[in-house]
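Asks: Here you go, this is upload_38.json (JSON, C-alpha atoms).
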[["chain", "number", "residue", "atom", "x", "y", "z"],
["A", 3, "MET", "CA", 11.30, -4.00, -6.21],
["A", 4, "TYR", "CA", 11.30, -1.48, -9.05],
["A", 5, "LEU", "CA", 14.01, 1.15, -9.48],
["A", 6, "THR", "CA", 13.86, 4.11, -11.87],
["A", 7, "ARG", "CA", 15.86, 7.33, -12.27],
["A", 8, "ASP", "CA", 13.69, 9.15, -9.75],
["A", 9, "HIS", "CA", 11.89, 6.56, -7.61],
["A", 10, "THR", "CA", 12.25, 3.37, -5.62],
["A", 11, "MET", "CA", 9.09, 1.27, -5.50],
["A", 12, "PHE", "CA", 8.01, -1.78, -3.56],
["A", 13, "LEU", "CA", 5.27, -3.66, -5.40],
["A", 14, "HIS", "CA", 3.35, -6.58, -3.94],
["A", 15, "ASN", "CA", 0.92, -8.82, -5.86],
["A", 16, "LEU", "CA", 0.64, -6.30, -8.67],
["A", 17, "PHE", "CA", -0.33, -8.99, -11.17],
["A", 18, "ALA", "CA", -2.41, -11.08, -8.78],
["A", 19, "ALA", "CA", -6.18, -11.04, -9.14],
["A", 20, "ASP", "CA", -6.93, -12.82, -5.87],
["A", 21, "GLY", "CA", -4.81, -11.06, -3.27],
["A", 22, "VAL", "CA", -4.13, -7.67, -1.70],
["A", 23, "GLN", "CA", -2.10, -5.46, -4.02],
["A", 24, "SER", "CA", 0.16, -2.83, -2.48],
["A", 25, "VAL", "CA", 2.31, -0.11, -4.01],
["A", 26, "ALA", "CA", 4.79, 1.97, -2.00],
["A", 27, "GLN", "CA", 6.73, 4.62, -3.89],
["A", 28, "PHE", "CA", 9.54, 6.85, -2.63],
["A", 29, "LYS", "CA", 11.40, 9.66, -4.32],
["A", 30, "LYS", "CA", 15.09, 8.83, -4.44],
["A", 31, "GLU", "CA", 15.99, 11.77, -2.18],
["A", 32, "ILE", "CA", 13.98, 10.25, 0.68],
["A", 33, "LEU", "CA", 15.99, 7.03, 0.81],
["A", 34, "PHE", "CA", 19.41, 7.92, -0.60],
["A", 35, "ARG", "CA", 22.03, 10.63, -0.27],
["A", 36, "ASP", "CA", 23.67, 9.49, -3.49],
["A", 37, "TYR", "CA", 21.76, 7.47, -6.07],
["A", 38, "ARG", "CA", 23.04, 6.11, -9.36],
["A", 39, "ILE", "CA", 21.27, 3.77, -11.74],
["A", 40, "SER", "CA", 22.15, 2.63, -15.22],
["A", 41, "SER", "CA", 20.56, 0.00, -17.43],
["A", 42, "GLN", "CA", 19.86, -0.61, -21.08],
["A", 43, "ASN", "CA", 16.15, -0.50, -20.26],
["A", 44, "ASP", "CA", 15.82, 3.28, -20.00],
["A", 45, "ASP", "CA", 17.48, 3.18, -16.57],
["A", 46, "ARG", "CA", 14.73, 0.99, -15.10],
["A", 47, "ILE", "CA", 15.48, -2.17, -13.12],
["A", 48, "ALA", "CA", 12.94, -4.52, -11.56],
["A", 49, "PHE", "CA", 13.40, -7.78, -9.70],
["A", 50, "ALA", "CA", 11.69, -10.00, -7.12],
["A", 51, "ILE", "CA", 13.01, -10.15, -3.57],
["A", 52, "ASP", "CA", 11.96, -12.01, -0.42],
["A", 53, "PRO", "CA", 10.46, -9.37, 1.94],
["A", 54, "SER", "CA", 11.59, -11.23, 5.07],
["A", 55, "LEU", "CA", 15.22, -11.33, 3.89],
["A", 56, "LEU", "CA", 15.09, -7.65, 2.89],
["A", 57, "HIS", "CA", 13.61, -6.75, 6.26],
["A", 58, "ARG", "CA", 16.32, -8.66, 8.12],
["A", 59, "ALA", "CA", 19.09, -6.94, 6.14],
["A", 60, "LEU", "CA", 17.59, -3.50, 6.76],
["A", 61, "ARG", "CA", 17.19, -4.14, 10.51],
["A", 62, "SER", "CA", 20.79, -5.30, 10.76],
["A", 63, "ALA", "CA", 22.05, -2.25, 8.88],
["A", 64, "LEU", "CA", 19.94, 0.04, 11.07],
["A", 65, "THR", "CA", 21.29, -1.59, 14.25],
["A", 66, "ILE", "CA", 24.86, -0.91, 13.19],
["A", 67, "GLN", "CA", 23.98, 2.67, 12.30],
["A", 68, "LEU", "CA", 22.33, 3.25, 15.69],
["A", 69, "GLN", "CA", 25.32, 1.76, 17.51],
["A", 70, "SER", "CA", 27.57, 4.36, 15.90],
["A", 71, "GLY", "CA", 25.62, 7.07, 17.72],
["A", 72, "ASP", "CA", 25.79, 9.53, 14.83],
["A", 73, "ASP", "CA", 25.59, 9.72, 11.04],
["A", 74, "THR", "CA", 29.07, 8.32, 10.47],
["A", 75, "ALA", "CA", 27.75, 4.84, 9.66],
["A", 76, "ALA", "CA", 27.48, 4.52, 5.92],
["A", 77, "ILE", "CA", 25.04, 2.10, 4.30],
["A", 78, "GLN", "CA", 25.77, 1.34, 0.67],
["A", 79, "ILE", "CA", 23.33, -0.72, -1.37],
["A", 80, "LYS", "CA", 24.41, -2.28, -4.64],
["A", 81, "LEU", "CA", 23.08, -4.64, -7.27],
["A", 82, "VAL", "CA", 25.81, -7.18, -7.88],
["A", 83, "LYS", "CA", 26.49, -10.61, -9.31],
["A", 84, "LYS", "CA", 28.39, -13.09, -7.15],
["A", 85, "LEU", "CA", 29.24, -16.76, -7.10],
["A", 86, "PRO", "CA", 27.12, -18.45, -4.41],
["A", 87, "ALA", "CA", 28.87, -21.05, -2.30],
["A", 88, "GLY", "CA", 29.06, -24.35, -4.13],
["A", 89, "SER", "CA", 27.93, -22.90, -7.46],
["A", 90, "ARG", "CA", 29.73, -22.24, -10.70],
["A", 91, "ASN", "CA", 27.19, -19.75, -11.99],
["A", 92, "PRO", "CA", 27.05, -16.15, -10.71],
["A", 93, "ALA", "CA", 23.73, -15.05, -9.24],
["A", 94, "PRO", "CA", 22.25, -11.58, -8.66],
["A", 95, "PHE", "CA", 22.17, -10.09, -5.17],
["A", 96, "LEU", "CA", 21.12, -6.87, -3.48],
["A", 97, "THR", "CA", 24.17, -6.23, -1.30],
["A", 98, "PHE", "CA", 24.15, -4.11, 1.86],
["A", 99, "GLU", "CA", 27.55, -2.83, 3.00],
["A", 100, "THR", "CA", 27.30, -1.19, 6.41],
["A", 101, "LYS", "CA", 30.33, 0.42, 8.06],
["A", 102, "GLY", "CA", 30.11, 1.72, 11.60],
["A", 103, "LEU", "CA", 32.62, 2.80, 14.23],
["A", 104, "ARG", "CA", 32.98, -0.69, 15.69],
["A", 105, "SER", "CA", 31.91, -3.04, 12.94],
["A", 106, "ALA", "CA", 31.40, -3.50, 9.24],
["A", 107, "VAL", "CA", 28.92, -5.97, 7.78],
["A", 108, "VAL", "CA", 28.23, -7.13, 4.23],
["A", 109, "GLN", "CA", 24.89, -8.81, 3.62],
["A", 110, "ASP", "CA", 23.93, -10.38, 0.31],
["A", 111, "VAL", "CA", 20.20, -10.66, -0.23],
["A", 112, "PRO", "CA", 19.37, -12.98, -3.14],
["A", 113, "ILE", "CA", 17.08, -11.57, -5.82],
["A", 114, "SER", "CA", 15.57, -12.83, -9.04],
["A", 115, "LYS", "CA", 17.11, -12.23, -12.41],
["A", 116, "PRO", "CA", 16.19, -8.63, -13.37],
["A", 117, "LEU", "CA", 13.08, -8.42, -15.52],
["A", 118, "SER", "CA", 13.43, -8.21, -19.28],
["A", 119, "ARG", "CA", 12.49, -5.08, -21.22],
["A", 120, "ALA", "CA", 9.11, -6.60, -22.16],
["A", 121, "ASP", "CA", 8.40, -7.59, -18.56],
["A", 122, "VAL", "CA", 9.33, -4.11, -17.29],
["A", 123, "LEU", "CA", 6.96, -2.53, -19.82],
["A", 124, "GLN", "CA", 4.21, -4.86, -18.61],
["A", 125, "LEU", "CA", 5.04, -3.98, -15.02],
["A", 126, "GLN", "CA", 4.90, -0.25, -15.77],
["A", 127, "ALA", "CA", 1.53, -0.66, -17.51],
["A", 128, "ALA", "CA", 0.14, -2.53, -14.48],
["A", 129, "LEU", "CA", 1.55, 0.15, -12.18],
["A", 130, "ASP", "CA", -0.04, 2.93, -14.22],
["A", 131, "ALA", "CA", -3.39, 1.12, -14.08],
["A", 132, "ALA", "CA", -3.08, 0.72, -10.32],
["A", 133, "GLN", "CA", -2.71, 4.51, -9.89],
["A", 134, "GLU", "CA", -6.29, 5.21, -11.01],
["A", 135, "LEU", "CA", -8.20, 6.89, -8.19],
["A", 136, "PRO", "CA", -11.82, 6.24, -7.20],
["A", 137, "GLN", "CA", -14.26, 9.07, -7.88],
["A", 138, "THR", "CA", -15.06, 9.39, -4.18],
["A", 139, "LEU", "CA", -12.69, 8.89, -1.26],
["A", 140, "VAL", "CA", -13.68, 9.06, 2.41],
["A", 141, "GLN", "CA", -11.25, 9.53, 5.26],
["A", 142, "VAL", "CA", -11.61, 6.58, 7.61],
["A", 143, "PRO", "CA", -11.66, 7.04, 11.37],
["A", 144, "ASP", "CA", -8.91, 5.99, 13.71],
["A", 145, "LEU", "CA", -7.29, 2.82, 12.33],
["A", 146, "ALA", "CA", -7.11, 1.23, 15.78],
["A", 147, "GLN", "CA", -10.88, 1.64, 16.07],
["A", 148, "LEU", "CA", -11.39, 0.16, 12.62],
["A", 149, "GLN", "CA", -9.05, -2.73, 13.47],
["A", 150, "SER", "CA", -11.11, -3.49, 16.58],
["A", 151, "LEU", "CA", -14.32, -3.47, 14.53],
["A", 152, "VAL", "CA", -12.91, -5.82, 11.90],
["A", 153, "ASP", "CA", -11.63, -8.18, 14.60],
["A", 154, "ARG", "CA", -15.22, -8.47, 15.87],
["A", 155, "LEU", "CA", -16.83, -8.78, 12.44],
["A", 156, "LYS", "CA", -14.48, -11.53, 11.21],
["A", 157, "ASN", "CA", -15.85, -13.78, 13.94],
["A", 158, "VAL", "CA", -19.25, -13.50, 12.27],
["A", 159, "GLY", "CA", -18.45, -14.25, 8.63],
["A", 160, "ASP", "CA", -15.81, -14.40, 5.90],
["A", 161, "LEU", "CA", -17.32, -11.85, 3.50],
["A", 162, "LEU", "CA", -17.65, -8.12, 4.14],
["A", 163, "THR", "CA", -19.88, -5.70, 2.27],
["A", 164, "VAL", "CA", -18.38, -2.22, 2.04],
["A", 165, "ALA", "CA", -20.50, 0.75, 0.94],
["A", 166, "ILE", "CA", -19.20, 4.29, 0.44],
["A", 167, "THR", "CA", -21.43, 7.28, -0.26],
["A", 168, "GLN", "CA", -20.69, 10.72, -1.65],
["A", 169, "TYR", "CA", -22.10, 12.10, 1.63],
["A", 170, "GLY", "CA", -19.08, 10.81, 3.56],
["A", 171, "ASP", "CA", -20.64, 7.60, 4.90],
["A", 172, "LEU", "CA", -18.71, 4.33, 5.24],
["A", 173, "HIS", "CA", -20.85, 1.26, 5.89],
["A", 174, "LEU", "CA", -19.39, -2.15, 6.80],
["A", 175, "GLN", "CA", -21.64, -5.20, 7.04],
["A", 176, "VAL", "CA", -21.32, -8.96, 7.47],
["A", 177, "SER", "CA", -24.29, -11.19, 6.74],
["A", 178, "THR", "CA", -24.93, -14.89, 7.27],
["A", 179, "SER", "CA", -28.08, -16.98, 7.02],
["A", 180, "LEU", "CA", -28.70, -16.34, 10.70],
["A", 181, "ILE", "CA", -27.46, -12.82, 11.42],
["A", 182, "THR", "CA", -26.49, -9.48, 9.93],
["A", 183, "VAL", "CA", -23.99, -7.29, 11.78],
["A", 184, "GLY", "CA", -22.73, -3.95, 10.62],
["A", 185, "SER", "CA", -21.33, -0.58, 11.59],
["A", 186, "GLU", "CA", -21.48, 2.83, 9.96],
["A", 187, "PHE", "CA", -19.25, 5.89, 10.09],
["A", 188, "ARG", "CA", -21.05, 9.05, 8.98],
["A", 189, "GLU", "CA", -20.06, 12.53, 7.79],
["A", 190, "LEU", "CA", -16.46, 11.61, 7.10],
["A", 191, "ARG", "CA", -14.20, 13.91, 5.12],
["A", 192, "VAL", "CA", -14.73, 13.46, 1.37],
["A", 193, "LEU", "CA", -12.27, 13.91, -1.48],
["A", 194, "GLY", "CA", -13.52, 13.91, -5.06],
["A", 195, "ALA", "CA", -17.20, 13.58, -6.00],
["A", 196, "HIS", "CA", -19.30, 14.91, -3.12],
["A", 197, "ALA", "CA", -23.04, 15.31, -2.56],
["A", 198, "ASN", "CA", -25.33, 16.48, 0.23],
["A", 199, "ALA", "CA", -27.36, 13.81, 1.97],
["A", 200, "PRO", "CA", -31.14, 14.29, 1.61],
["A", 201, "ALA", "CA", -32.55, 15.62, 4.86],
["A", 202, "SER", "CA", -35.68, 13.51, 4.45],
["A", 203, "GLU", "CA", -33.63, 10.29, 4.77],
["A", 204, "GLN", "CA", -31.69, 11.06, 7.93],
["A", 205, "ASN", "CA", -33.94, 8.96, 10.15],
["A", 206, "LEU", "CA", -33.87, 5.89, 7.92],
["A", 207, "SER", "CA", -31.74, 2.86, 8.68],
["A", 208, "ALA", "CA", -28.20, 2.70, 7.34],
["A", 209, "GLN", "CA", -29.19, -0.07, 4.92],
["A", 210, "SER", "CA", -32.12, 1.94, 3.56],
["A", 211, "ARG", "CA", -30.11, 5.15, 3.15],
["A", 212, "THR", "CA", -27.29, 3.29, 1.41],
["A", 213, "ALA", "CA", -29.70, 1.50, -0.95],
["A", 214, "LEU", "CA", -31.34, 4.79, -1.94],
["A", 215, "ALA", "CA", -27.95, 6.46, -2.44],
["A", 216, "ILE", "CA", -26.89, 3.60, -4.74],
["A", 217, "GLN", "CA", -30.09, 4.01, -6.76],
["A", 218, "ARG", "CA", -29.26, 7.70, -7.27],
["A", 219, "GLY", "CA", -25.68, 6.90, -8.30],
["A", 220, "GLU", "CA", -24.32, 8.62, -5.18],
["A", 221, "ALA", "CA", -22.87, 5.50, -3.57],
["A", 222, "GLN", "CA", -21.13, 2.24, -4.41],
["A", 223, "SER", "CA", -21.09, -1.12, -2.69],
["A", 224, "VAL", "CA", -18.72, -4.07, -3.07],
["A", 225, "GLN", "CA", -18.05, -7.33, -1.28],
["A", 226, "VAL", "CA", -14.51, -8.22, -0.21],
["A", 227, "SER", "CA", -12.82, -10.98, 1.73],
["A", 228, "MET", "CA", -12.64, -10.32, 5.45],
["A", 229, "LYS", "CA", -9.22, -11.98, 5.39],
["A", 230, "HIS", "CA", -8.01, -9.50, 2.76],
["A", 231, "LEU", "CA", -9.31, -6.50, 4.71],
["A", 232, "ALA", "CA", -7.73, -7.70, 7.96],
["A", 233, "LYS", "CA", -4.43, -8.18, 6.12],
["A", 234, "SER", "CA", -4.57, -4.71, 4.57],
["A", 235, "LEU", "CA", -5.06, -3.15, 8.00],
["A", 236, "GLN", "CA", -1.54, -4.27, 8.87],
["A", 237, "CYS", "CA", -0.47, -1.29, 6.76],
["A", 238, "HIS", "CA", -1.17, 0.88, 9.80],
["A", 239, "LEU", "CA", 2.26, -0.26, 11.00],
["A", 240, "SER", "CA", 3.65, 2.28, 8.52],
["A", 241, "LYS", "CA", 2.03, 4.93, 10.78],
["A", 242, "PRO", "CA", 0.17, 6.98, 8.14],
["A", 243, "ASP", "CA", -1.21, 10.35, 9.18],
["A", 244, "CYS", "CA", -4.52, 9.73, 7.43],
["A", 245, "VAL", "CA", -6.19, 6.99, 5.39],
["A", 246, "PHE", "CA", -8.82, 7.19, 2.66],
["A", 247, "TYR", "CA", -11.08, 4.42, 1.32],
["A", 248, "GLY", "CA", -12.72, 4.43, -2.07],
["A", 249, "ILE", "CA", -14.32, 2.07, -4.59],
["A", 250, "ALA", "CA", -12.88, 2.06, -8.10],
["A", 251, "PRO", "CA", -15.12, 2.76, -11.14],
["A", 252, "GLN", "CA", -17.45, -0.15, -11.97],
["A", 253, "GLY", "CA", -16.66, -1.58, -8.55],
["A", 254, "ALA", "CA", -13.34, -2.97, -9.80],
["A", 255, "CYS", "CA", -11.67, -2.98, -6.37],
["A", 256, "LEU", "CA", -11.63, -1.43, -2.90],
["A", 257, "THR", "CA", -8.79, 1.12, -2.73],
["A", 258, "MET", "CA", -7.00, 2.28, 0.42],
["A", 259, "ILE", "CA", -4.74, 5.31, 0.23],
["A", 260, "PHE", "CA", -2.30, 6.06, 3.04],
["A", 261, "GLN", "CA", -1.04, 9.63, 3.35],
["A", 262, "PHE", "CA", 1.93, 10.98, 5.27],
["A", 263, "PHE", "CA", 2.52, 14.57, 6.38],
["A", 264, "ILE", "CA", 5.73, 16.54, 6.20],
["A", 265, "SER", "CA", 7.18, 16.38, 9.70],
["A", 266, "GLY", "CA", 5.80, 19.12, 11.96],
["A", 267, "THR", "CA", 3.09, 20.18, 9.49],
["A", 268, "ARG", "CA", -0.32, 19.14, 8.20],
["A", 269, "LEU", "CA", 0.93, 19.22, 4.60],
["A", 270, "MET", "CA", 0.99, 16.02, 2.59],
["A", 271, "ASP", "CA", 4.45, 14.66, 1.84],
["A", 272, "LYS", "CA", 4.32, 14.15, -1.92],
["A", 273, "SER", "CA", 7.65, 12.33, -1.93],
["A", 274, "ILE", "CA", 5.94, 9.24, -0.46],
["A", 275, "SER", "CA", 2.89, 7.41, -1.77],
["A", 276, "PHE", "CA", 1.40, 4.18, -0.50],
["A", 277, "HIS", "CA", -1.85, 2.46, -1.41],
["A", 278, "CYS", "CA", -3.50, -0.96, -1.39],
["A", 279, "ARG", "CA", -6.18, -2.47, -3.60],
["A", 280, "LEU", "CA", -8.44, -5.30, -2.46],
["A", 281, "PRO", "CA", -10.00, -7.60, -5.08],
["A", 282, "VAL", "CA", -13.77, -7.58, -5.23],
["A", 283, "LEU", "CA", -15.67, -10.83, -4.80],
["A", 284, "ASP", "CA", -19.03, -9.33, -5.76],
["A", 285, "SER", "CA", -19.36, -5.94, -7.41],
["A", 286, "GLY", "CA", -22.63, -5.40, -5.56],
["A", 287, "SER", "CA", -24.28, -2.23, -6.82],
["A", 288, "THR", "CA", -22.49, 0.63, -8.55]]
Represent the structure from my file as structure tokens, please.
Replies:
Amino acid sequence: MYLTRDHTMFLHNLFAADGVQSVAQFKKEILFRDYRISSQNDDRIAFAIDPSLLHRALRSALTIQLQSGDDTAAIQIKLVKKLPAGSRNPAPFLTFETKGLRSAVVQDVPISKPLSRADVLQLQAALDAAQELPQTLVQVPDLAQLQSLVDRLKNVGDLLTVAITQYGDLHLQVSTSLITVGSEFRELRVLGAHANAPASEQNLSAQSRTALAIQRGEAQSVQVSMKHLAKSLQCHLSKPDCVFYGIAPQGACLTMIFQFFISGTRLMDKSISFHCRLPVLDSGST
């Protein structure tokens, strides 16, 4: 968890090279009515926290707030040091104080010692690097449909080849020594570098069209773990309004960007950003 003057961020596996990385960033006004932060590290504080314990504390606080029936329930979140039971040394906690009409609850969620200045600088550098966008992004179809496809493909093999073209094509394929199974989504919405598909190639197979597009530099292909992709699809629980896939320059990773609209509109809510990056097992062709 990374707190700055203007944002609250939840970072997962940011330094890991063999797992799904995820970055969720919120402007302070989205989460807090009143927000104060102070530290000797340019008002930046970062620490590790167990997601399951954080989730439990948030659900408990939300339950109390809902029981109040209105906005009178106040939830105050603080970074504190307390003496754990049976210990002589104070330890850091993220404390939730929830006061409703009928009850008041204090929950102490243990956290790591806040990161040092050097570690925060390293974290910020990794975060900046993770913000780099692919040249071409395609809007994926309905996530439930994609989930169903991945559930079928993972029964075939453990490795998935993902190809994305500047024409708006997304090609997913699993190959084994005995069988090759794949699916293609064509003419998807494209953000970034875009090209028109050659009319002379429209009747070719998906594999042939993708191979030719890669040769022209109008497509990229990478191989990722089916397990990683299936895990990343759990992000649909955040109920994004649209999702884009892209392959980073030099095939460094497969990037998934989740966008949310301002309520009642089709305008992107710029106060929230959420994306995942999947490590590449084979850079394929770029």
Asks: Point out the residue among A:Ala18, A:Val176, A:Leu33, A:Val152 with the least atom-to-atom distance to Ser234 in chain A, counting only C-alpha atoms.
Replies: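 The answer is A:Val152, which sits nearest to Ser234 in chain A.
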Asks: Neighbouring residues of Lys115 in chain A were defined as those with any atom within 8 Å, considering all atoms listed in the file; residues of the same chain fewer than 6 positions away were excluded. Please report them as a PDB file with C-alpha atoms, in the coordinates of the input.
Replies:
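Written out: out-v3.pdb:
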ATOM      1  CA  PHE A  49      13.400  -7.780  -9.700  1.00  0.00           C
ATOM      2  CA  ALA A  50      11.690 -10.000  -7.120  1.00  0.00           C
ATOM      3  CA  ALA A  93      23.730 -15.050  -9.240  1.00  0.00           C
ATOM      4  CA  PRO A  94      22.250 -11.580  -8.660  1.00  0.00           C
TER       5      PRO A  94
END
Asks: Quick one, how far is CA of Asp271 in chain A from CA of Pro143 in chain A?
Replies: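 Atom-to-atom, CA of Asp271 in chain A and CA of Pro143 in chain A are spaced 20.2 Å apart.
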Asks: Residues within 9 Å of range 185-187 of chain A, please, as a short mmCIF file (atom, residue, chain, number, x, y, z; two decimals) with C-alpha atoms, in the coordinates of the input. Count all atoms listed in the file; anything in the same chain fewer than 2 positions from it doesn't count.
Replies:
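That gives us out17.cif:
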data_model
loop_
_atom_site.label_atom_id
_atom_site.label_comp_id
_atom_site.auth_asym_id
_atom_site.auth_seq_id
_atom_site.Cartn_x
_atom_site.Cartn_y
_atom_site.Cartn_z
CA VAL A 142 -11.61 6.58 7.61
CA PRO A 143 -11.66 7.04 11.37
CA LEU A 151 -14.32 -3.47 14.53
CA GLY A 170 -19.08 10.81 3.56
CA ASP A 171 -20.64 7.60 4.90
CA LEU A 172 -18.71 4.33 5.24
CA HIS A 173 -20.85 1.26 5.89
CA LEU A 174 -19.39 -2.15 6.80
CA GLN A 175 -21.64 -5.20 7.04
CA VAL A 183 -23.99 -7.29 11.78
CA GLU A 189 -20.06 12.53 7.79
CA LEU A 190 -16.46 11.61 7.10
CA ALA A 208 -28.20 2.70 7.34
#
Asks: Find the residue from A:Leu68, A:Val25, A:Ala195, A:Ile216 that sits nearest to Arg104 in chain A; use only C-alpha atoms when measuring.
Replies: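 That would be A:Leu68, the residue with the smallest distance to Arg104 in chain A.
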Asks: Which value, in Å to one decimal, gives the distance between CA of Pro242 in chain A and CA of Met11 in chain A?
Replies: 17.3 Å
Asks: Please define a box with edges along x, y and z of the file around all atoms of range 184-196 of chain A given in the file, extend it by 4 Å on each side, and return its centre and edge lengths in Å to one decimal, as lines of an AutoDock Vina configuration file.
Replies:
center_x = -17.5
center_y = 5.5
center_z = 2.8
size_x = 18.5
size_y = 26.9
size_z = 25.6
Asks: Taking all atoms listed in the file into account, name the residue in A:Ser177, A:Thr163, A:Asn43, A:Ser202 that is nearest to Val282 in chain A.
Replies: A:Thr163
